[in-house]
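Below is work39.pdb, holding PDB, C-alpha atoms, pLDDT in the B column.
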ATOM      1  CA  MET F1237     -69.291  28.032 -25.581  1.00 75.00           C
ATOM      2  CA  ALA F1238     -67.287  27.693 -22.343  1.00 83.00           C
ATOM      3  CA  PRO F1239     -64.181  25.522 -22.673  1.00 90.00           C
ATOM      4  CA  SER F1240     -63.536  22.126 -21.112  1.00 95.00           C
ATOM      5  CA  ILE F1241     -60.697  22.567 -18.626  1.00 97.00           C
ATOM      6  CA  THR F1242     -58.337  20.182 -16.875  1.00 98.00           C
ATOM      7  CA  ILE F1243     -56.789  21.583 -13.690  1.00 98.00           C
ATOM      8  CA  THR F1244     -53.682  20.218 -12.005  1.00 97.00           C
ATOM      9  CA  GLY F1245     -53.383  21.101  -8.342  1.00 94.00           C
ATOM     10  CA  GLY F1246     -57.095  21.826  -8.285  1.00 92.00           C
ATOM     11  CA  THR F1247     -57.534  20.637  -4.697  1.00 91.00           C
ATOM     12  CA  GLY F1248     -54.815  22.928  -3.298  1.00 92.00           C
ATOM     13  CA  ASN F1249     -55.026  26.395  -1.779  1.00 93.00           C
ATOM     14  CA  LEU F1250     -55.160  28.176  -5.129  1.00 96.00           C
ATOM     15  CA  GLY F1251     -57.138  25.476  -6.926  1.00 95.00           C
ATOM     16  CA  ARG F1252     -59.965  25.616  -4.394  1.00 94.00           C
ATOM     17  CA  ARG F1253     -60.368  29.302  -5.206  1.00 96.00           C
ATOM     18  CA  VAL F1254     -60.149  29.017  -8.993  1.00 96.00           C
ATOM     19  CA  THR F1255     -62.563  26.128  -9.538  1.00 95.00           C
ATOM     20  CA  PRO F1256     -65.712  27.941  -8.325  1.00 95.00           C
ATOM     21  CA  LEU F1257     -64.900  30.893 -10.581  1.00 96.00           C
ATOM     22  CA  LEU F1258     -64.540  28.675 -13.631  1.00 96.00           C
ATOM     23  CA  ARG F1259     -67.668  26.731 -12.783  1.00 94.00           C
ATOM     24  CA  ALA F1260     -69.581  29.996 -12.459  1.00 94.00           C
ATOM     25  CA  ALA F1261     -68.439  30.760 -16.021  1.00 94.00           C
ATOM     26  CA  GLY F1262     -70.080  27.521 -17.172  1.00 93.00           C
ATOM     27  CA  CYS F1263     -66.912  25.481 -17.734  1.00 94.00           C
ATOM     28  CA  ASP F1264     -66.781  21.711 -17.423  1.00 93.00           C
ATOM     29  CA  LEU F1265     -63.866  20.939 -15.126  1.00 96.00           C
ATOM     30  CA  ARG F1266     -61.663  17.928 -14.623  1.00 96.00           C
ATOM     31  CA  VAL F1267     -59.318  17.997 -11.633  1.00 96.00           C
ATOM     32  CA  LEU F1268     -56.185  15.851 -11.667  1.00 95.00           C
ATOM     33  CA  SER F1269     -55.277  14.628  -8.199  1.00 86.00           C
ATOM     34  CA  ARG F1270     -52.780  12.110  -6.850  1.00 80.00           C
ATOM     35  CA  GLY F1271     -55.270  10.648  -4.409  1.00 68.00           C
ATOM     36  CA  ARG F1272     -58.580   9.080  -5.355  1.00 58.00           C
ATOM     37  CA  ARG F1273     -61.444  11.401  -4.567  1.00 57.00           C
ATOM     38  CA  GLU F1274     -65.194  11.203  -4.883  1.00 51.00           C
ATOM     39  CA  PRO F1275     -66.980  13.938  -6.844  1.00 48.00           C
ATOM     40  CA  GLY F1276     -68.620  16.721  -4.892  1.00 46.00           C
ATOM     41  CA  GLY F1277     -67.696  19.535  -2.611  1.00 44.00           C
ATOM     42  CA  ALA F1278     -66.721  22.036  -5.272  1.00 44.00           C
ATOM     43  CA  GLY F1279     -69.927  22.050  -7.316  1.00 48.00           C
ATOM     44  CA  ASP F1280     -71.609  20.127 -10.136  1.00 58.00           C
ATOM     45  CA  GLY F1281     -69.668  19.586 -13.317  1.00 70.00           C
ATOM     46  CA  ILE F1282     -66.338  18.770 -11.668  1.00 90.00           C
ATOM     47  CA  GLU F1283     -64.788  15.397 -12.429  1.00 93.00           C
ATOM     48  CA  TYR F1284     -61.904  14.126 -10.321  1.00 93.00           C
ATOM     49  CA  VAL F1285     -59.329  11.856 -11.933  1.00 94.00           C
ATOM     50  CA  THR F1286     -56.293  10.159 -10.435  1.00 93.00           C
ATOM     51  CA  GLY F1287     -52.829  10.621 -11.892  1.00 94.00           C
ATOM     52  CA  ASP F1288     -49.206  11.293 -11.049  1.00 95.00           C
ATOM     53  CA  LEU F1289     -47.523  14.171 -12.821  1.00 96.00           C
ATOM     54  CA  THR F1290     -44.102  13.089 -11.592  1.00 95.00           C
ATOM     55  CA  THR F1291     -44.267   9.699 -13.333  1.00 95.00           C
ATOM     56  CA  GLY F1292     -46.765  10.693 -16.027  1.00 95.00           C
ATOM     57  CA  GLU F1293     -49.158   7.923 -15.019  1.00 95.00           C
ATOM     58  CA  GLY F1294     -52.778   8.867 -15.759  1.00 95.00           C
ATOM     59  CA  VAL F1295     -51.913  12.290 -17.161  1.00 97.00           C
ATOM     60  CA  ALA F1296     -52.904  11.479 -20.763  1.00 97.00           C
ATOM     61  CA  ALA F1297     -56.350  10.409 -19.620  1.00 95.00           C
ATOM     62  CA  ALA F1298     -56.700  13.511 -17.487  1.00 96.00           C
ATOM     63  CA  VAL F1299     -56.086  15.922 -20.384  1.00 97.00           C
ATOM     64  CA  ASP F1300     -57.891  13.877 -23.051  1.00 96.00           C
ATOM     65  CA  GLY F1301     -60.575  16.031 -24.655  1.00 95.00           C
ATOM     66  CA  ALA F1302     -59.644  19.181 -22.722  1.00 97.00           C
ATOM     67  CA  ASP F1303     -59.586  22.504 -24.542  1.00 97.00           C
ATOM     68  CA  VAL F1304     -57.508  24.174 -21.822  1.00 98.00           C
ATOM     69  CA  VAL F1305     -55.129  22.932 -19.136  1.00 98.00           C
ATOM     70  CA  LEU F1306     -54.623  25.089 -16.048  1.00 98.00           C
ATOM     71  CA  HIS F1307     -51.398  23.943 -14.417  1.00 98.00           C
ATOM     72  CA  LEU F1308     -51.330  24.865 -10.720  1.00 97.00           C
ATOM     73  CA  ALA F1309     -49.509  21.854  -9.276  1.00 95.00           C
ATOM     74  CA  GLY F1310     -46.031  22.584  -7.980  1.00 89.00           C
ATOM     75  CA  GLY F1311     -43.573  21.853  -5.234  1.00 85.00           C
ATOM     76  CA  PRO F1312     -40.086  22.544  -3.894  1.00 82.00           C
ATOM     77  CA  LYS F1313     -38.483  20.396  -6.605  1.00 87.00           C
ATOM     78  CA  GLY F1314     -39.241  18.542  -9.804  1.00 92.00           C
ATOM     79  CA  ASP F1315     -41.486  21.138 -11.442  1.00 96.00           C
ATOM     80  CA  ASP F1316     -39.521  20.820 -14.676  1.00 96.00           C
ATOM     81  CA  VAL F1317     -40.156  17.054 -14.817  1.00 96.00           C
ATOM     82  CA  VAL F1318     -43.829  17.580 -14.042  1.00 96.00           C
ATOM     83  CA  ALA F1319     -44.143  20.208 -16.789  1.00 97.00           C
ATOM     84  CA  ARG F1320     -42.414  17.926 -19.289  1.00 97.00           C
ATOM     85  CA  ASN F1321     -44.834  15.082 -18.583  1.00 97.00           C
ATOM     86  CA  LEU F1322     -47.831  17.399 -18.774  1.00 97.00           C
ATOM     87  CA  VAL F1323     -46.670  18.991 -22.031  1.00 97.00           C
ATOM     88  CA  ARG F1324     -46.146  15.593 -23.619  1.00 97.00           C
ATOM     89  CA  ALA F1325     -49.686  14.509 -22.789  1.00 97.00           C
ATOM     90  CA  ALA F1326     -51.268  17.861 -23.672  1.00 97.00           C
ATOM     91  CA  SER F1327     -49.518  17.952 -27.059  1.00 97.00           C
ATOM     92  CA  ALA F1328     -50.736  14.486 -27.936  1.00 97.00           C
ATOM     93  CA  SER F1329     -54.277  15.397 -26.877  1.00 96.00           C
ATOM     94  CA  GLY F1330     -54.468  18.593 -28.928  1.00 96.00           C
ATOM     95  CA  VAL F1331     -54.901  20.984 -26.002  1.00 97.00           C
ATOM     96  CA  ARG F1332     -55.211  24.502 -27.414  1.00 97.00           C
ATOM     97  CA  HIS F1333     -54.234  26.575 -24.372  1.00 98.00           C
ATOM     98  CA  LEU F1334     -51.927  25.797 -21.436  1.00 98.00           C
ATOM     99  CA  VAL F1335     -52.011  28.209 -18.482  1.00 98.00           C
ATOM    100  CA  PHE F1336     -49.203  28.088 -15.913  1.00 98.00           C
ATOM    101  CA  ILE F1337     -48.662  29.766 -12.546  1.00 98.00           C
ATOM    102  CA  SER F1338     -45.024  30.570 -11.820  1.00 98.00           C
ATOM    103  CA  VAL F1339     -43.130  32.773  -9.352  1.00 97.00           C
ATOM    104  CA  ILE F1340     -41.792  36.309  -9.658  1.00 98.00           C
ATOM    105  CA  GLY F1341     -38.014  36.214  -9.836  1.00 96.00           C
ATOM    106  CA  ALA F1342     -37.831  32.704 -11.293  1.00 97.00           C
ATOM    107  CA  ASP F1343     -35.388  34.026 -13.888  1.00 96.00           C
ATOM    108  CA  ARG F1344     -33.382  36.239 -11.503  1.00 97.00           C
ATOM    109  CA  VAL F1345     -33.026  34.650  -8.042  1.00 96.00           C
ATOM    110  CA  PRO F1346     -30.401  31.828  -7.935  1.00 95.00           C
ATOM    111  CA  LEU F1347     -32.238  29.281  -5.811  1.00 94.00           C
ATOM    112  CA  ALA F1348     -32.669  25.640  -6.828  1.00 94.00           C
ATOM    113  CA  TRP F1349     -36.463  25.573  -6.533  1.00 92.00           C
ATOM    114  CA  LEU F1350     -36.748  28.735  -8.635  1.00 95.00           C
ATOM    115  CA  ARG F1351     -34.476  27.244 -11.279  1.00 95.00           C
ATOM    116  CA  THR F1352     -36.912  24.344 -11.629  1.00 96.00           C
ATOM    117  CA  LYS F1353     -39.777  26.846 -11.935  1.00 97.00           C
ATOM    118  CA  LEU F1354     -37.923  28.593 -14.740  1.00 97.00           C
ATOM    119  CA  ALA F1355     -37.200  25.260 -16.413  1.00 97.00           C
ATOM    120  CA  ALA F1356     -40.922  24.448 -16.204  1.00 97.00           C
ATOM    121  CA  GLU F1357     -41.718  27.787 -17.854  1.00 98.00           C
ATOM    122  CA  GLN F1358     -39.282  26.930 -20.633  1.00 98.00           C
ATOM    123  CA  GLU F1359     -40.797  23.468 -21.147  1.00 97.00           C
ATOM    124  CA  ILE F1360     -44.207  25.072 -21.617  1.00 98.00           C
ATOM    125  CA  ALA F1361     -42.996  27.945 -23.804  1.00 98.00           C
ATOM    126  CA  GLY F1362     -41.124  25.526 -26.073  1.00 97.00           C
ATOM    127  CA  SER F1363     -43.925  22.976 -26.302  1.00 96.00           C
ATOM    128  CA  GLY F1364     -45.647  24.416 -29.355  1.00 97.00           C
ATOM    129  CA  ILE F1365     -48.889  24.625 -27.365  1.00 98.00           C
ATOM    130  CA  PRO F1366     -50.321  28.164 -27.160  1.00 98.00           C
ATOM    131  CA  PHE F1367     -49.684  29.203 -23.559  1.00 98.00           C
ATOM    132  CA  THR F1368     -50.093  31.834 -20.889  1.00 98.00           C
ATOM    133  CA  THR F1369     -47.690  32.108 -17.930  1.00 98.00           C
ATOM    134  CA  LEU F1370     -48.385  34.258 -14.884  1.00 98.00           C
ATOM    135  CA  ARG F1371     -45.637  34.932 -12.357  1.00 98.00           C
ATOM    136  CA  ALA F1372     -47.066  35.762  -8.943  1.00 98.00           C
ATOM    137  CA  ALA F1373     -45.566  36.950  -5.671  1.00 98.00           C
ATOM    138  CA  GLN F1374     -45.610  34.849  -2.490  1.00 96.00           C
ATOM    139  CA  PHE F1375     -49.109  34.258  -1.161  1.00 97.00           C
ATOM    140  CA  HIS F1376     -50.199  35.681   2.172  1.00 97.00           C
ATOM    141  CA  ASP F1377     -50.691  32.131   3.437  1.00 95.00           C
ATOM    142  CA  LEU F1378     -47.060  31.202   2.734  1.00 95.00           C
ATOM    143  CA  VAL F1379     -45.736  34.361   4.373  1.00 96.00           C
ATOM    144  CA  LEU F1380     -47.920  33.660   7.402  1.00 96.00           C
ATOM    145  CA  MET F1381     -46.454  30.172   7.718  1.00 95.00           C
ATOM    146  CA  VAL F1382     -42.920  31.630   7.593  1.00 94.00           C
ATOM    147  CA  VAL F1383     -43.496  34.369  10.167  1.00 94.00           C
ATOM    148  CA  GLU F1384     -45.343  31.986  12.500  1.00 93.00           C
ATOM    149  CA  LYS F1385     -42.234  29.812  12.611  1.00 93.00           C
ATOM    150  CA  MET F1386     -39.999  32.844  13.101  1.00 91.00           C
ATOM    151  CA  ALA F1387     -42.161  34.085  15.963  1.00 91.00           C
ATOM    152  CA  LYS F1388     -41.699  30.825  17.882  1.00 91.00           C
ATOM    153  CA  LEU F1389     -38.012  31.656  18.348  1.00 91.00           C
ATOM    154  CA  PRO F1390     -36.998  33.566  21.486  1.00 92.00           C
ATOM    155  CA  VAL F1391     -35.352  36.230  19.285  1.00 93.00           C
ATOM    156  CA  LEU F1392     -36.787  37.267  15.928  1.00 92.00           C
ATOM    157  CA  PRO F1393     -34.189  37.046  13.119  1.00 91.00           C
ATOM    158  CA  VAL F1394     -34.542  39.884  10.613  1.00 90.00           C
ATOM    159  CA  PRO F1395     -32.632  39.390   7.330  1.00 90.00           C
ATOM    160  CA  GLY F1396     -31.428  42.775   6.114  1.00 86.00           C
ATOM    161  CA  GLY F1397     -32.748  43.912   2.739  1.00 89.00           C
ATOM    162  CA  LEU F1398     -35.187  40.998   2.373  1.00 92.00           C
ATOM    163  CA  ARG F1399     -38.446  42.378   0.959  1.00 95.00           C
ATOM    164  CA  PHE F1400     -41.679  40.818  -0.243  1.00 96.00           C
ATOM    165  CA  GLU F1401     -44.888  41.868  -1.984  1.00 98.00           C
ATOM    166  CA  PRO F1402     -47.308  39.273  -0.589  1.00 98.00           C
ATOM    167  CA  VAL F1403     -50.400  38.758  -2.689  1.00 98.00           C
ATOM    168  CA  ASP F1404     -53.730  37.280  -1.741  1.00 97.00           C
ATOM    169  CA  ALA F1405     -54.565  33.859  -3.177  1.00 97.00           C
ATOM    170  CA  GLY F1406     -58.042  35.143  -4.035  1.00 97.00           C
ATOM    171  CA  ASP F1407     -56.577  37.931  -6.160  1.00 98.00           C
ATOM    172  CA  VAL F1408     -54.382  35.396  -7.973  1.00 98.00           C
ATOM    173  CA  ALA F1409     -57.324  33.054  -8.496  1.00 98.00           C
ATOM    174  CA  ARG F1410     -59.399  35.785 -10.111  1.00 98.00           C
ATOM    175  CA  ARG F1411     -56.542  36.725 -12.436  1.00 98.00           C
ATOM    176  CA  LEU F1412     -55.957  33.090 -13.391  1.00 98.00           C
ATOM    177  CA  ALA F1413     -59.647  32.538 -14.094  1.00 98.00           C
ATOM    178  CA  ASP F1414     -59.642  35.501 -16.485  1.00 98.00           C
ATOM    179  CA  LEU F1415     -56.485  34.251 -18.213  1.00 98.00           C
ATOM    180  CA  THR F1416     -57.849  30.722 -18.504  1.00 98.00           C
ATOM    181  CA  LEU F1417     -61.037  31.968 -20.160  1.00 97.00           C
ATOM    182  CA  GLY F1418     -59.082  34.264 -22.481  1.00 97.00           C
ATOM    183  CA  GLU F1419     -56.767  33.727 -25.411  1.00 97.00           C
ATOM    184  CA  PRO F1420     -53.129  32.567 -25.022  1.00 98.00           C
ATOM    185  CA  THR F1421     -50.862  35.563 -24.460  1.00 97.00           C
ATOM    186  CA  GLY F1422     -47.461  34.120 -23.472  1.00 98.00           C
ATOM    187  CA  LEU F1423     -45.744  35.646 -20.442  1.00 98.00           C
ATOM    188  CA  VAL F1424     -48.126  38.210 -18.946  1.00 98.00           C
ATOM    189  CA  PRO F1425     -47.328  41.012 -16.432  1.00 97.00           C
ATOM    190  CA  ASP F1426     -46.400  39.894 -12.919  1.00 98.00           C
ATOM    191  CA  LEU F1427     -49.045  39.873 -10.197  1.00 98.00           C
ATOM    192  CA  ALA F1428     -47.927  41.117  -6.785  1.00 98.00           C
ATOM    193  CA  GLY F1429     -49.579  42.491  -3.686  1.00 98.00           C
ATOM    194  CA  PRO F1430     -50.386  46.175  -3.242  1.00 97.00           C
ATOM    195  CA  ARG F1431     -47.385  46.955  -0.990  1.00 97.00           C
ATOM    196  CA  VAL F1432     -43.703  46.112  -0.513  1.00 97.00           C
ATOM    197  CA  TYR F1433     -42.701  45.023   3.012  1.00 96.00           C
ATOM    198  CA  GLY F1434     -39.463  44.129   4.699  1.00 95.00           C
ATOM    199  CA  LEU F1435     -39.593  40.691   6.272  1.00 93.00           C
ATOM    200  CA  GLY F1436     -39.217  42.363   9.653  1.00 92.00           C
ATOM    201  CA  ASP F1437     -42.333  44.444   8.943  1.00 94.00           C
ATOM    202  CA  LEU F1438     -44.309  41.351   7.959  1.00 95.00           C
ATOM    203  CA  ALA F1439     -43.235  39.550  11.119  1.00 94.00           C
ATOM    204  CA  GLY F1440     -43.960  42.661  13.174  1.00 92.00           C
ATOM    205  CA  GLY F1441     -47.452  42.863  11.730  1.00 93.00           C
ATOM    206  CA  TYR F1442     -48.042  39.253  12.710  1.00 93.00           C
ATOM    207  CA  LEU F1443     -46.762  39.835  16.249  1.00 93.00           C
ATOM    208  CA  ASP F1444     -48.942  42.931  16.606  1.00 90.00           C
ATOM    209  CA  ALA F1445     -51.982  40.979  15.433  1.00 89.00           C
ATOM    210  CA  ARG F1446     -51.284  38.364  18.090  1.00 89.00           C
ATOM    211  CA  GLY F1447     -50.489  40.914  20.781  1.00 87.00           C
ATOM    212  CA  LYS F1448     -46.928  39.615  21.158  1.00 88.00           C
ATOM    213  CA  ARG F1449     -43.429  41.079  21.267  1.00 89.00           C
ATOM    214  CA  ARG F1450     -40.005  39.725  20.363  1.00 91.00           C
ATOM    215  CA  MET F1451     -36.477  41.080  20.456  1.00 92.00           C
ATOM    216  CA  ARG F1452     -35.016  41.402  16.949  1.00 92.00           C
ATOM    217  CA  LEU F1453     -31.669  40.216  15.654  1.00 92.00           C
ATOM    218  CA  PRO F1454     -30.413  41.591  12.315  1.00 92.00           C
ATOM    219  CA  VAL F1455     -28.917  38.826  10.124  1.00 92.00           C
ATOM    220  CA  ARG F1456     -27.396  38.753   6.641  1.00 91.00           C
ATOM    221  CA  ILE F1457     -28.291  36.293   3.883  1.00 91.00           C
ATOM    222  CA  PRO F1458     -24.965  35.116   2.405  1.00 91.00           C
ATOM    223  CA  GLY F1459     -23.856  34.475  -1.164  1.00 94.00           C
ATOM    224  CA  LYS F1460     -25.566  35.035  -4.476  1.00 95.00           C
ATOM    225  CA  PRO F1461     -29.115  34.512  -3.141  1.00 93.00           C
ATOM    226  CA  GLY F1462     -28.501  37.212  -0.537  1.00 94.00           C
ATOM    227  CA  ARG F1463     -27.251  39.645  -3.165  1.00 95.00           C
ATOM    228  CA  ALA F1464     -30.266  38.886  -5.379  1.00 96.00           C
ATOM    229  CA  TYR F1465     -32.748  39.479  -2.567  1.00 94.00           C
ATOM    230  CA  ARG F1466     -31.041  42.685  -1.441  1.00 94.00           C
ATOM    231  CA  ALA F1467     -31.204  43.880  -5.057  1.00 96.00           C
ATOM    232  CA  GLY F1468     -34.946  43.197  -5.122  1.00 96.00           C
ATOM    233  CA  ASP F1469     -34.706  40.518  -7.806  1.00 97.00           C
ATOM    234  CA  ASN F1470     -37.666  38.729  -6.195  1.00 96.00           C
ATOM    235  CA  LEU F1471     -39.890  41.802  -6.604  1.00 97.00           C
ATOM    236  CA  ALA F1472     -42.276  42.489  -9.459  1.00 96.00           C
ATOM    237  CA  LEU F1473     -41.080  44.125 -12.630  1.00 92.00           C
ATOM    238  CA  GLU F1474     -42.292  47.512 -13.825  1.00 92.00           C
ATOM    239  CA  GLY F1475     -45.805  47.309 -15.237  1.00 94.00           C
ATOM    240  CA  ALA F1476     -46.917  44.557 -12.862  1.00 97.00           C
ATOM    241  CA  ASP F1477     -50.540  44.090 -11.922  1.00 98.00           C
ATOM    242  CA  ARG F1478     -51.410  44.558  -8.246  1.00 97.00           C
ATOM    243  CA  GLY F1479     -53.775  42.648  -6.032  1.00 97.00           C
ATOM    244  CA  LYS F1480     -56.066  44.567  -3.688  1.00 96.00           C
ATOM    245  CA  ARG F1481     -55.976  42.738  -0.368  1.00 96.00           C
ATOM    246  CA  THR F1482     -53.214  43.904   1.943  1.00 96.00           C
ATOM    247  CA  TRP F1483     -51.209  41.929   4.489  1.00 96.00           C
ATOM    248  CA  GLU F1484     -52.935  43.858   7.275  1.00 94.00           C
ATOM    249  CA  GLU F1485     -56.391  42.984   5.953  1.00 95.00           C
ATOM    250  CA  PHE F1486     -55.401  39.340   5.609  1.00 95.00           C
ATOM    251  CA  LEU F1487     -54.116  39.199   9.195  1.00 94.00           C
ATOM    252  CA  ALA F1488     -57.181  40.973  10.592  1.00 92.00           C
ATOM    253  CA  GLU F1489     -59.430  38.299   9.099  1.00 91.00           C
ATOM    254  CA  ARG F1490     -57.181  35.327   9.796  1.00 90.00           C
ATOM    255  CA  LEU F1491     -55.917  35.926  13.315  1.00 84.00           C
ATOM    256  CA  PRO F1492     -57.756  36.694  16.548  1.00 64.00           C
ATOM    257  CA  ARG F1493     -55.931  39.169  18.727  1.00 56.00           C
ATOM    258  CA  GLU F1494     -54.535  37.715  21.942  1.00 49.00           C
ATOM    259  CA  GLY F1495     -53.452  39.426  25.120  1.00 44.00           C
TER     260      GLY F1495
END

Can the structure from this file be put into C-alpha cells for me?
Amino acid sequence: MAPSITITGGTGNLGRRVTPLLRAAGCDLRVLSRGRREPGGAGDGIEYVTGDLTTGEGVAAAVDGADVVLHLAGGPKGDDVVARNLVRAASASGVRHLVFISVIGADRVPLAWLRTKLAAEQEIAGSGIPFTTLRAAQFHDLVLMVVEKMAKLPVLPVPGGLRFEPVDAGDVARRLADLTLGEPTGLVPDLAGPRVYGLGDLAGGYLDARGKRRMRLPVRIPGKPGRAYRAGDNLALEGADRGKRTWEEFLAERLPREG
C-alpha cells in the first residue's frame, strides 16, 4: 500500500515536480503551505493545509496521520528552527520516515545559510525518527538567476576558482520521489549535475544563448568562504549520483536566442 505523505514546500519549484511523481505512485498527499490554497491544479488526492513552520502553528495538524514527511521547505535563514518545529510535530504524530533535501557542502563551506542547513540536518538525524537526507547541488534555475544578474553589469565579474555542478530540478525530484517511497537510509550519496563548470563558463553559456557579449573582470572571493570554494568544498563527494540534464540543455530549452 502506498504511504500517506505530508510535503513541506510542496508548492515550490521542486515540490511542483515531486508531487505528480508521488501521485502517480498512488500516494495520498498533503501539502503544507503558508498561504491558504484551494485544492486542485496538481491532481486528485492532494490536500492543502495551512501552517507556519517558523512558528510551528498548524504543523501538528499537517503531519497528523502521515506515514512519511518530505521536507522541501527552506530559505536563506532559519532552517534549523523550521526543522526543530517539524521534528517535534512528526515525533508526536508517529511519522515513520522523514526525508530531507539539503545542500552539498553544508558541512564544509563556512557560510551562515549553510550552517543552518547543517543544523537542520542534525535536528533530523538526532530526532529518533528514521530519516533520509539528500544533499543536492545548486539547481539550474538558481544558477540562471545568478548569471542573469551578473550579465546586467557592464563588466562580467568572474570569481577565480569558483566552480559549480548545477543539477536539474527534475533530476532531483525523481531521486527524491524514489527515496520517499523507499526505506529510511540516513545520509545518501550526493546528487550533482553531470559536469563541473567554472562560474565564468556558466555565465558565458548564458551570454552565448542570448547572443550577447561582456568584458570579463577576474575577482577573488576573500576569507574562509573563498578558500573553501577554491578548494572545491561545495562540490560533490566521491561516489555521488549524477543527474542527466546538462546546463547547455537547460539553457537551450529555457532561453530563446537573441541577436

TODO: Identify the residues around (-50.1, 33.1, -2.7) within a radius of 7 Å, measuring from all atoms listed in the file in the coordinates stated by the file, and give them as a list in words.
DONE: Ala1373, Gln1374, Phe1375, His1376, Asp1377, Leu1378, Val1403, Asp1404 and Ala1405 of chain F

- [ ] Find the residues with any atom within 9 Å of (-52.7, 18.7, -25.0); use all atoms listed in the file and the coordinates as given in the file, and write the answer as number ranges by chain.
- [x] F: 1296, 1299-1305, 1322-1334, 1365

Write out, as an mmCIF file, in the coordinates of the input, the residues just selected, with C-alpha atoms.
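Now in out.cif:
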data_model
loop_
_atom_site.group_PDB
_atom_site.id
_atom_site.type_symbol
_atom_site.label_atom_id
_atom_site.label_comp_id
_atom_site.auth_asym_id
_atom_site.auth_seq_id
_atom_site.Cartn_x
_atom_site.Cartn_y
_atom_site.Cartn_z
ATOM 1 C CA ALA F 1296 -52.904 11.479 -20.763
ATOM 2 C CA VAL F 1299 -56.086 15.922 -20.384
ATOM 3 C CA ASP F 1300 -57.891 13.877 -23.051
ATOM 4 C CA GLY F 1301 -60.575 16.031 -24.655
ATOM 5 C CA ALA F 1302 -59.644 19.181 -22.722
ATOM 6 C CA ASP F 1303 -59.586 22.504 -24.542
ATOM 7 C CA VAL F 1304 -57.508 24.174 -21.822
ATOM 8 C CA VAL F 1305 -55.129 22.932 -19.136
ATOM 9 C CA LEU F 1322 -47.831 17.399 -18.774
ATOM 10 C CA VAL F 1323 -46.670 18.991 -22.031
ATOM 11 C CA ARG F 1324 -46.146 15.593 -23.619
ATOM 12 C CA ALA F 1325 -49.686 14.509 -22.789
ATOM 13 C CA ALA F 1326 -51.268 17.861 -23.672
ATOM 14 C CA SER F 1327 -49.518 17.952 -27.059
ATOM 15 C CA ALA F 1328 -50.736 14.486 -27.936
ATOM 16 C CA SER F 1329 -54.277 15.397 -26.877
ATOM 17 C CA GLY F 1330 -54.468 18.593 -28.928
ATOM 18 C CA VAL F 1331 -54.901 20.984 -26.002
ATOM 19 C CA ARG F 1332 -55.211 24.502 -27.414
ATOM 20 C CA HIS F 1333 -54.234 26.575 -24.372
ATOM 21 C CA LEU F 1334 -51.927 25.797 -21.436
ATOM 22 C CA ILE F 1365 -48.889 24.625 -27.365
#

Open item on the list: From the options F:Val1432, F:Ala1472, F:Val1394, F:Ile1337, which residue's atoms come nearest to His1307 of chain F, counting all atoms listed in the file?
Closed with: F:Ile1337

Open item on the list: I need the residue nearest Gly1479 of chain F from this list: F:Asp1343, F:Asp1288, F:Asp1426, F:Glu1357. Use all atoms listed in the file for the distance.
Closed with: F:Asp1426

Task: Near-Ser1269 of chain F list (12 Å; only C-alpha atoms; drop same-chain fewer than 4 positions) as a list in words - done: Thr1242, Ile1243, Thr1244, Gly1245, Gly1246, Thr1247, Gly1248, Gly1251, Arg1273, Glu1274, Pro1275, Glu1283, Tyr1284, Val1285, Thr1286, Gly1287, Asp1288, Leu1289, Thr1290, Glu1293, Gly1294, Val1295, Ala1298, His1307, Leu1308 and Ala1309 of chain F

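Taken over the whole file, the PyMOL selection byres ((chain F and resi 1316) around 7) covers exactly Gly1314, Asp1315, Val1317, Val1318, Ala1319, Arg1320, Thr1352, Lys1353, Ala1355 and Ala1356 of chain F.
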
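Comparing the minimum interatomic distances between Thr1482 of chain F and each of F:Leu1423, F:Val1254, F:Val1339, F:Leu1438, counting all atoms listed in the file, we find that F:Leu1438 sits nearest.
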
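Restricting the calculation to all atoms listed in the file, the smallest distance between Val1382 of chain F and any of F:Gly1262, F:Leu1435, F:Val1335, F:Pro1425 is found for F:Leu1435.
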
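With distances taken over all atoms listed in the file, F:Leu1427 is the one residue among F:Leu1412, F:Met1386, F:Leu1427, F:Leu1250 lying closest to Glu1474 of chain F.
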
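Atom pair atom CA of Gly1429 of chain F / atom CA of Leu1392 of chain F has a distance of 24.0 Å (rounded to one decimal).
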
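The coordinates place atom CA of Arg1456 of chain F at 5.3 Å from atom CA of Pro1395 of chain F.
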
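What the PyMOL selection byres ((chain F and resi 1452) around 8) matches in the given file is F:Val1391, F:Leu1392, F:Pro1393, F:Val1394, F:Arg1450, F:Met1451, F:Leu1453, F:Pro1454.
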
Task: Residue with smallest distance to Glu1419 of chain F - pool F:Gly1447, F:Thr1368, F:Glu1384, F:Tyr1465, counting only C-alpha atoms - done: F:Thr1368

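What the PyMOL selection byres ((chain F and resi 1480) around 12) matches in the given file is Glu1401, Pro1402, Val1403, Asp1404, Ala1405, Gly1406, Asp1407, Val1408, Arg1410, Arg1411, Leu1427, Ala1428, Gly1429, Pro1430, Arg1431, Asp1477, Arg1478, Gly1479, Arg1481, Thr1482, Trp1483, Glu1484, Glu1485 and Phe1486 of chain F.
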
Starting from 4 Å padding per side, set up an axis-aligned box that covers all listed atoms of segment 1286-1300 of chain F and hand over centre and edge lengths in Å, one decimal, as AutoDock Vina command-line options.
--center_x -51.0 --center_y 11.9 --center_z -16.7 --size_x 21.8 --size_y 16.0 --size_z 20.6

Task: Who sits within 10 Å of Thr1255 of chain F, all atoms listed in the file, same chain under 3 positions skipped, as a ChimeraX atom specification - done: /F:1241,1243,1246-1247,1250-1252,1258-1261,1263-1267,1278-1279,1282,1409,1413

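Taking atom CA of Leu1370 of chain F as the reference point, atom CA of Val1345 of chain F is found at 16.8 Å.
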